[in-house]
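Listing of coords33.cif, mmCIF, C-alpha atoms
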data_model
#
loop_
_atom_site.label_atom_id
_atom_site.label_comp_id
_atom_site.auth_asym_id
_atom_site.auth_seq_id
_atom_site.Cartn_x
_atom_site.Cartn_y
_atom_site.Cartn_z
CA MET Z 1 73.63 100.00 111.60
CA PRO Z 2 74.88 97.51 108.98
CA ARG Z 3 77.44 98.72 106.49
CA ARG Z 4 76.03 99.67 103.10
CA SER Z 5 77.94 98.25 100.18
CA TYR Z 6 78.06 98.50 96.42
CA ASP Z 7 78.68 94.73 96.44
CA GLN Z 8 81.24 95.03 93.67
CA TYR Z 9 84.58 93.23 93.65
CA CYS Z 10 86.44 96.42 92.78
CA ALA Z 11 88.99 98.40 94.80
CA LEU Z 12 87.24 101.72 94.07
CA ALA Z 13 83.86 100.33 95.11
CA ARG Z 14 85.39 98.95 98.32
CA ALA Z 15 86.93 102.34 99.07
CA LEU Z 16 83.60 104.08 98.48
CA ASP Z 17 81.89 101.57 100.77
CA THR Z 18 83.99 103.13 103.51
CA VAL Z 19 84.43 106.79 102.58
CA GLY Z 20 81.70 107.46 100.02
CA ASP Z 21 79.05 108.74 102.43
CA ARG Z 22 78.33 112.46 102.66
CA TRP Z 23 80.59 114.25 105.20
CA THR Z 24 83.04 111.38 105.70
CA LEU Z 25 85.92 112.85 103.68
CA LEU Z 26 85.34 116.30 105.15
CA ILE Z 27 85.63 114.80 108.63
CA VAL Z 28 88.92 113.25 107.50
CA ARG Z 29 90.01 116.68 106.23
CA GLU Z 30 89.40 118.13 109.69
CA LEU Z 31 91.13 115.29 111.53
CA LEU Z 32 94.19 115.50 109.27
CA GLY Z 33 94.83 118.66 111.30
CA GLY Z 34 95.17 116.64 114.49
CA VAL Z 35 93.09 115.55 117.46
CA ARG Z 36 89.67 117.25 117.63
CA ARG Z 37 86.79 117.33 120.06
CA TYR Z 38 83.29 116.70 118.79
CA THR Z 39 82.38 120.37 119.33
CA ASP Z 40 85.44 121.48 117.31
CA LEU Z 41 84.46 119.18 114.45
CA HIS Z 42 80.89 120.45 114.50
CA ALA Z 43 82.07 124.08 114.46
CA ASP Z 44 84.34 123.53 111.44
CA LEU Z 45 81.80 121.50 109.46
CA PRO Z 46 79.09 124.10 108.91
CA GLY Z 47 75.90 122.50 107.65
CA VAL Z 48 76.31 119.09 109.29
CA SER Z 49 73.65 118.14 111.83
CA THR Z 50 74.70 116.79 115.22
CA ASP Z 51 72.97 113.48 114.45
CA MET Z 52 74.74 113.13 111.11
CA LEU Z 53 78.15 113.95 112.60
CA ALA Z 54 77.68 111.46 115.44
CA SER Z 55 76.55 108.78 112.98
CA ARG Z 56 79.48 109.37 110.64
CA LEU Z 57 82.00 109.27 113.48
CA LYS Z 58 80.58 105.95 114.68
CA ASP Z 59 80.82 104.56 111.15
CA MET Z 60 84.40 105.78 110.88
CA GLU Z 61 85.31 104.17 114.20
CA ARG Z 62 83.76 100.90 113.02
CA ASP Z 63 85.78 101.09 109.80
CA ALA Z 64 89.02 101.83 111.71
CA LEU Z 65 89.47 105.28 110.19
CA VAL Z 66 89.26 107.10 113.54
CA THR Z 67 89.66 106.32 117.21
CA ARG Z 68 87.97 108.02 120.13
CA ARG Z 69 89.65 108.50 123.49
CA ARG Z 70 89.18 110.52 126.65
CA LEU Z 71 91.67 113.24 127.50
CA ALA Z 72 93.33 113.11 130.90
CA PRO Z 73 92.01 115.52 133.54
CA PRO Z 74 91.49 118.40 133.74
CA GLY Z 75 90.28 118.20 130.11
CA ALA Z 76 88.45 114.87 130.42
CA ALA Z 77 86.68 115.42 127.09
CA PHE Z 78 86.45 112.80 124.37
CA VAL Z 79 88.53 113.49 121.29
CA TYR Z 80 88.77 111.92 117.85
CA GLU Z 81 91.90 111.22 115.84
CA LEU Z 82 92.74 109.46 112.62
CA THR Z 83 94.25 106.00 112.56
CA ALA Z 84 97.11 105.22 110.19
CA ARG Z 85 94.46 104.01 107.73
CA GLY Z 86 92.64 107.31 108.02
CA ARG Z 87 95.83 109.35 107.58
CA ALA Z 88 96.59 107.33 104.45
CA LEU Z 89 93.69 109.17 102.79
CA LEU Z 90 95.78 112.36 102.52
CA PRO Z 91 96.89 111.76 98.90
CA ALA Z 92 93.30 110.98 97.88
CA LEU Z 93 92.00 114.18 99.51
CA THR Z 94 94.79 116.22 97.95
CA ALA Z 95 93.96 114.80 94.53
CA LEU Z 96 90.25 115.55 95.01
CA ALA Z 97 91.07 119.11 96.11
CA ASP Z 98 93.16 119.57 92.95
CA TRP Z 99 90.34 118.13 90.84
CA GLY Z 100 87.80 120.47 92.48
CA ALA Z 101 89.98 123.57 92.21
CA PRO Z 102 88.53 124.80 88.88
CA ALA Z 103 85.14 125.08 90.59
CA LEU Z 104 86.54 127.67 93.02
CA ASP Z 105 85.80 130.79 91.06
CA GLU Z 106 83.94 133.53 92.91
CA LYS Z 107 83.09 132.85 96.55
CA ARG Z 108 79.33 132.54 96.90
CA PRO Z 109 77.52 134.52 99.64
CA THR Z 110 76.48 131.23 101.26
CA ASP Z 111 80.01 129.73 101.26
CA ALA Z 112 81.62 129.11 104.62
CA VAL Z 113 85.41 129.32 104.74
CA ARG Z 114 88.10 128.33 107.24
CA ALA Z 115 91.75 129.19 106.73
CA HIS Z 116 92.92 125.62 107.32
CA TRP Z 117 90.81 124.35 104.43
CA PHE Z 118 93.63 125.63 102.19
CA ALA Z 119 96.14 123.31 103.86
CA LEU Z 120 95.44 120.25 101.70
CA PRO Z 121 96.28 121.77 98.33
CA LEU Z 122 99.19 123.74 99.85
CA ILE Z 123 100.95 120.73 101.37
CA THR Z 124 102.08 119.42 97.98
CA ARG Z 125 103.05 122.81 96.61
CA LEU Z 126 105.08 123.75 99.69
CA GLY Z 127 106.73 120.33 99.77
CA ASP Z 128 107.70 120.64 96.10
CA HIS Z 129 109.05 124.17 96.55
CA PHE Z 130 111.06 123.64 99.71
CA ALA Z 131 112.05 119.99 99.14
CA ARG Z 132 113.72 118.93 102.41
CA ASP Z 133 115.05 122.36 103.38
CA VAL Z 134 112.02 123.39 105.45
CA ASP Z 135 110.04 121.31 107.94
CA VAL Z 136 107.41 123.64 109.43
CA VAL Z 137 105.70 126.54 107.66
CA ASP Z 138 103.29 128.98 109.32
CA ILE Z 139 100.66 130.36 106.97
CA ALA Z 140 98.77 133.51 107.98
CA LEU Z 141 95.71 134.49 105.95
CA ASP Z 142 93.24 137.30 106.48
CA GLY Z 143 90.80 134.69 107.85
CA GLY Z 144 93.10 132.83 110.23
CA GLU Z 145 96.36 130.98 110.66
CA PHE Z 146 97.53 127.38 110.37
CA HIS Z 147 100.82 125.58 109.95
CA VAL Z 148 102.02 122.77 107.75
CA LEU Z 149 104.46 120.06 108.86
CA LEU Z 150 106.13 118.88 105.69
CA THR Z 151 108.38 116.17 107.12
CA ASP Z 152 106.38 114.71 110.00
CA ALA Z 153 107.10 111.05 110.84
CA ASP Z 154 103.53 110.11 109.86
CA GLY Z 155 103.71 112.06 106.61
CA PRO Z 156 102.90 115.69 105.88
CA ARG Z 157 100.06 117.19 107.89
CA TYR Z 158 98.68 120.50 109.08
CA ALA Z 159 97.32 121.97 112.31
CA ASP Z 160 95.35 125.06 113.28
CA GLY Z 161 97.12 128.11 114.62
CA PRO Z 162 100.80 129.06 114.54
CA ALA Z 163 103.52 126.48 115.19
CA GLU Z 164 105.70 126.77 118.26
CA ARG Z 165 108.92 126.77 116.22
CA PRO Z 166 108.26 127.33 112.51
CA ASP Z 167 111.12 127.49 110.04
CA LEU Z 168 109.42 130.40 108.31
CA ARG Z 169 106.12 132.26 108.04
CA LEU Z 170 104.14 133.08 104.91
CA ARG Z 171 101.58 135.89 105.02
CA MET Z 172 99.10 136.37 102.19
CA ASP Z 173 95.47 137.17 101.55
CA THR Z 174 92.89 134.52 100.76
CA ALA Z 175 92.82 135.34 97.04
CA THR Z 176 96.58 134.81 96.81
CA CYS Z 177 96.34 131.56 98.77
CA THR Z 178 93.61 130.37 96.40
CA ASP Z 179 95.80 131.17 93.39
CA LEU Z 180 98.79 129.44 94.99
CA ALA Z 181 96.84 126.38 96.07
CA HIS Z 182 95.39 125.89 92.62
CA ASP Z 183 98.48 126.54 90.47
CA ARG Z 184 97.47 129.93 89.14
CA LEU Z 185 100.50 131.35 90.98
CA SER Z 186 103.78 129.73 92.00
CA LEU Z 187 105.29 130.38 95.41
CA ALA Z 188 108.29 132.05 93.75
CA GLN Z 189 106.00 134.35 91.72
CA GLY Z 190 103.97 135.23 94.80
CA ILE Z 191 107.07 136.14 96.79
CA GLU Z 192 108.63 138.11 93.93
CA SER Z 193 105.44 140.10 93.34
CA GLY Z 194 105.01 140.87 97.04
CA ARG Z 195 101.69 139.04 97.26
CA ILE Z 196 103.35 136.59 99.67
CA VAL Z 197 105.48 137.99 102.49
CA VAL Z 198 108.09 135.64 103.94
CA THR Z 199 109.43 136.21 107.45
CA LEU Z 200 111.77 134.18 109.61
CA PRO Z 201 110.85 133.53 113.26
#
I'd like the structure from this file rewritten - as structure tokens, please.
Amino acid sequence: MPRRSYDQYCALARALDTVGDRWTLLIVRELLGGVRRYTDLHADLPGVSTDMLASRLKDMERDALVTRRRLAPPGAAFVYELTARGRALLPALTALADWGAPALDEKRPTDAVRAHWFALPLITRLGDHFARDVDVVDIALDGGEFHVLLTDADGPRYADGPAERPDLRLRMDTATCTDLAHDRLSLAQGIESGRIVVTLP
């Protein structure tokens, strides 16, 4: 399928030519967490059809945002991962998450939620709080667990589940994480109030 374009000599228009389609940035959000199989992506993108997901992934391969490769046996499944160009979208996604934060008031009955969706807004806040003193932070919510790598060679990133060797663990409920991620609560305030429990491994 030919690439659609705004046909405008403008950096923003060129960027939107590549990432402006529905689902593209949410696929990037998922792949910022690391290598994913198609079935994993589909499970964590509720509402996307299989045809739409396949089409978007092909577009993203064409635009050099993702690569697809086969795992070695016994896995032998195809997986998708971001290229350096795809990973470079992290600041843009973080900024969009910050911009969208005021719209996160009450959770609607139809809203899906995954714990790792909080990683993007937390990366900046954790990095600012810990500076260079902490590399890996486990975050346990009532809906799941993920970890953030603040000083990875490719830039900060997150991954599902607990880290093998975290520097520390933060436990909080989803409401606290929402407040922290969207600057209604600082990490220091959350710890002092007991809403965030810090443990060392």
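Counting from atom CA of Z:Ala153, the distance to atom CA of Z:Gly190 is 29.2 Å.
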For this structure, which residues satisfy the selection - the PyMOL selection byres ((chain Z and resi 127) around 12) - when it is evaluated on the file as given? I want them as a PDB file with C-alpha atoms, in the coordinates of the input.
ATOM      1  CA  ALA Z 119      96.140 123.310 103.860  1.00  0.00           C
ATOM      2  CA  LEU Z 120      95.440 120.250 101.700  1.00  0.00           C
ATOM      3  CA  PRO Z 121      96.280 121.770  98.330  1.00  0.00           C
ATOM      4  CA  LEU Z 122      99.190 123.740  99.850  1.00  0.00           C
ATOM      5  CA  ILE Z 123     100.950 120.730 101.370  1.00  0.00           C
ATOM      6  CA  THR Z 124     102.080 119.420  97.980  1.00  0.00           C
ATOM      7  CA  ARG Z 125     103.050 122.810  96.610  1.00  0.00           C
ATOM      8  CA  LEU Z 126     105.080 123.750  99.690  1.00  0.00           C
ATOM      9  CA  ASP Z 128     107.700 120.640  96.100  1.00  0.00           C
ATOM     10  CA  HIS Z 129     109.050 124.170  96.550  1.00  0.00           C
ATOM     11  CA  PHE Z 130     111.060 123.640  99.710  1.00  0.00           C
ATOM     12  CA  ALA Z 131     112.050 119.990  99.140  1.00  0.00           C
ATOM     13  CA  ARG Z 132     113.720 118.930 102.410  1.00  0.00           C
ATOM     14  CA  ASP Z 133     115.050 122.360 103.380  1.00  0.00           C
ATOM     15  CA  VAL Z 134     112.020 123.390 105.450  1.00  0.00           C
ATOM     16  CA  ASP Z 135     110.040 121.310 107.940  1.00  0.00           C
ATOM     17  CA  VAL Z 136     107.410 123.640 109.430  1.00  0.00           C
ATOM     18  CA  VAL Z 137     105.700 126.540 107.660  1.00  0.00           C
ATOM     19  CA  VAL Z 148     102.020 122.770 107.750  1.00  0.00           C
ATOM     20  CA  LEU Z 149     104.460 120.060 108.860  1.00  0.00           C
ATOM     21  CA  LEU Z 150     106.130 118.880 105.690  1.00  0.00           C
ATOM     22  CA  THR Z 151     108.380 116.170 107.120  1.00  0.00           C
ATOM     23  CA  ASP Z 152     106.380 114.710 110.000  1.00  0.00           C
ATOM     24  CA  GLY Z 155     103.710 112.060 106.610  1.00  0.00           C
ATOM     25  CA  PRO Z 156     102.900 115.690 105.880  1.00  0.00           C
ATOM     26  CA  ARG Z 157     100.060 117.190 107.890  1.00  0.00           C
ATOM     27  CA  LEU Z 187     105.290 130.380  95.410  1.00  0.00           C
TER      28      LEU Z 187
END
Applying the PyMOL selection byres ((chain Z and resi 29-38) around 8) to the file I just gave you, which residues come out? Please list them as a PDB file with C-alpha atoms, in the coordinates of the input.
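File produced: expr_27.pdb:
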ATOM      1  CA  LEU Z  25      85.920 112.850 103.680  1.00  0.00           C
ATOM      2  CA  LEU Z  26      85.340 116.300 105.150  1.00  0.00           C
ATOM      3  CA  ILE Z  27      85.630 114.800 108.630  1.00  0.00           C
ATOM      4  CA  VAL Z  28      88.920 113.250 107.500  1.00  0.00           C
ATOM      5  CA  THR Z  39      82.380 120.370 119.330  1.00  0.00           C
ATOM      6  CA  ASP Z  40      85.440 121.480 117.310  1.00  0.00           C
ATOM      7  CA  LEU Z  41      84.460 119.180 114.450  1.00  0.00           C
ATOM      8  CA  HIS Z  42      80.890 120.450 114.500  1.00  0.00           C
ATOM      9  CA  ASP Z  44      84.340 123.530 111.440  1.00  0.00           C
ATOM     10  CA  ALA Z  77      86.680 115.420 127.090  1.00  0.00           C
ATOM     11  CA  PHE Z  78      86.450 112.800 124.370  1.00  0.00           C
ATOM     12  CA  VAL Z  79      88.530 113.490 121.290  1.00  0.00           C
ATOM     13  CA  TYR Z  80      88.770 111.920 117.850  1.00  0.00           C
ATOM     14  CA  GLU Z  81      91.900 111.220 115.840  1.00  0.00           C
ATOM     15  CA  LEU Z  82      92.740 109.460 112.620  1.00  0.00           C
ATOM     16  CA  ARG Z  87      95.830 109.350 107.580  1.00  0.00           C
ATOM     17  CA  LEU Z  90      95.780 112.360 102.520  1.00  0.00           C
ATOM     18  CA  LEU Z  93      92.000 114.180  99.510  1.00  0.00           C
ATOM     19  CA  TRP Z 117      90.810 124.350 104.430  1.00  0.00           C
ATOM     20  CA  LEU Z 120      95.440 120.250 101.700  1.00  0.00           C
ATOM     21  CA  ARG Z 157     100.060 117.190 107.890  1.00  0.00           C
ATOM     22  CA  TYR Z 158      98.680 120.500 109.080  1.00  0.00           C
ATOM     23  CA  ALA Z 159      97.320 121.970 112.310  1.00  0.00           C
ATOM     24  CA  ASP Z 160      95.350 125.060 113.280  1.00  0.00           C
TER      25      ASP Z 160
END
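From atom CA of Z:Ala95 back to atom CA of Z:Asp63, the distance works out to 22.1 Å.
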Set the distance at 12 Å and use all atoms listed in the file: which residues neighbour Z:Arg22 once local chain neighbours fewer than 2 positions away are removed? I'd like the list as a CSV table (one decimal) with C-alpha atoms, keeping the file's coordinate frame.
chain,number,residue,atom,x,y,z
Z,16,LEU,CA,83.6,104.1,98.5
Z,17,ASP,CA,81.9,101.6,100.8
Z,18,THR,CA,84.0,103.1,103.5
Z,19,VAL,CA,84.4,106.8,102.6
Z,20,GLY,CA,81.7,107.5,100.0
Z,24,THR,CA,83.0,111.4,105.7
Z,25,LEU,CA,85.9,112.8,103.7
Z,26,LEU,CA,85.3,116.3,105.2
Z,27,ILE,CA,85.6,114.8,108.6
Z,28,VAL,CA,88.9,113.2,107.5
Z,45,LEU,CA,81.8,121.5,109.5
Z,47,GLY,CA,75.9,122.5,107.6
Z,48,VAL,CA,76.3,119.1,109.3
Z,49,SER,CA,73.6,118.1,111.8
Z,52,MET,CA,74.7,113.1,111.1
Z,53,LEU,CA,78.2,114.0,112.6
Z,55,SER,CA,76.6,108.8,113.0
Z,56,ARG,CA,79.5,109.4,110.6
Z,57,LEU,CA,82.0,109.3,113.5
Z,59,ASP,CA,80.8,104.6,111.2
Quick check on the file I pasted: which residues fall under the PyMOL selection byres ((chain Z and resi 97) around 10)? Write them as an mmCIF file with C-alpha atoms, keeping the file's coordinate frame.
data_model
loop_
_atom_site.group_PDB
_atom_site.id
_atom_site.type_symbol
_atom_site.label_atom_id
_atom_site.label_comp_id
_atom_site.auth_asym_id
_atom_site.auth_seq_id
_atom_site.Cartn_x
_atom_site.Cartn_y
_atom_site.Cartn_z
ATOM 1 C CA PRO Z 91 96.890 111.760 98.900
ATOM 2 C CA ALA Z 92 93.300 110.980 97.880
ATOM 3 C CA LEU Z 93 92.000 114.180 99.510
ATOM 4 C CA THR Z 94 94.790 116.220 97.950
ATOM 5 C CA ALA Z 95 93.960 114.800 94.530
ATOM 6 C CA LEU Z 96 90.250 115.550 95.010
ATOM 7 C CA ASP Z 98 93.160 119.570 92.950
ATOM 8 C CA TRP Z 99 90.340 118.130 90.840
ATOM 9 C CA GLY Z 100 87.800 120.470 92.480
ATOM 10 C CA ALA Z 101 89.980 123.570 92.210
ATOM 11 C CA PRO Z 102 88.530 124.800 88.880
ATOM 12 C CA TRP Z 117 90.810 124.350 104.430
ATOM 13 C CA PHE Z 118 93.630 125.630 102.190
ATOM 14 C CA LEU Z 120 95.440 120.250 101.700
ATOM 15 C CA PRO Z 121 96.280 121.770 98.330
ATOM 16 C CA ALA Z 181 96.840 126.380 96.070
ATOM 17 C CA HIS Z 182 95.390 125.890 92.620
#
Kindly give the distance, in Å, that separates atom CA of Z:Asp167 and atom CA of Z:Ile196, rounded to a single decimal. 15.8 Å
Expected axis-aligned box over every listed atom of stretch 103-121 of chain Z, 3 Å added per side, centre plus edges in Å to one decimal, as AutoDock Vina command-line options:
--center_x 86.4 --center_y 127.4 --center_z 99.0 --size_x 25.8 --size_y 20.3 --size_z 22.7
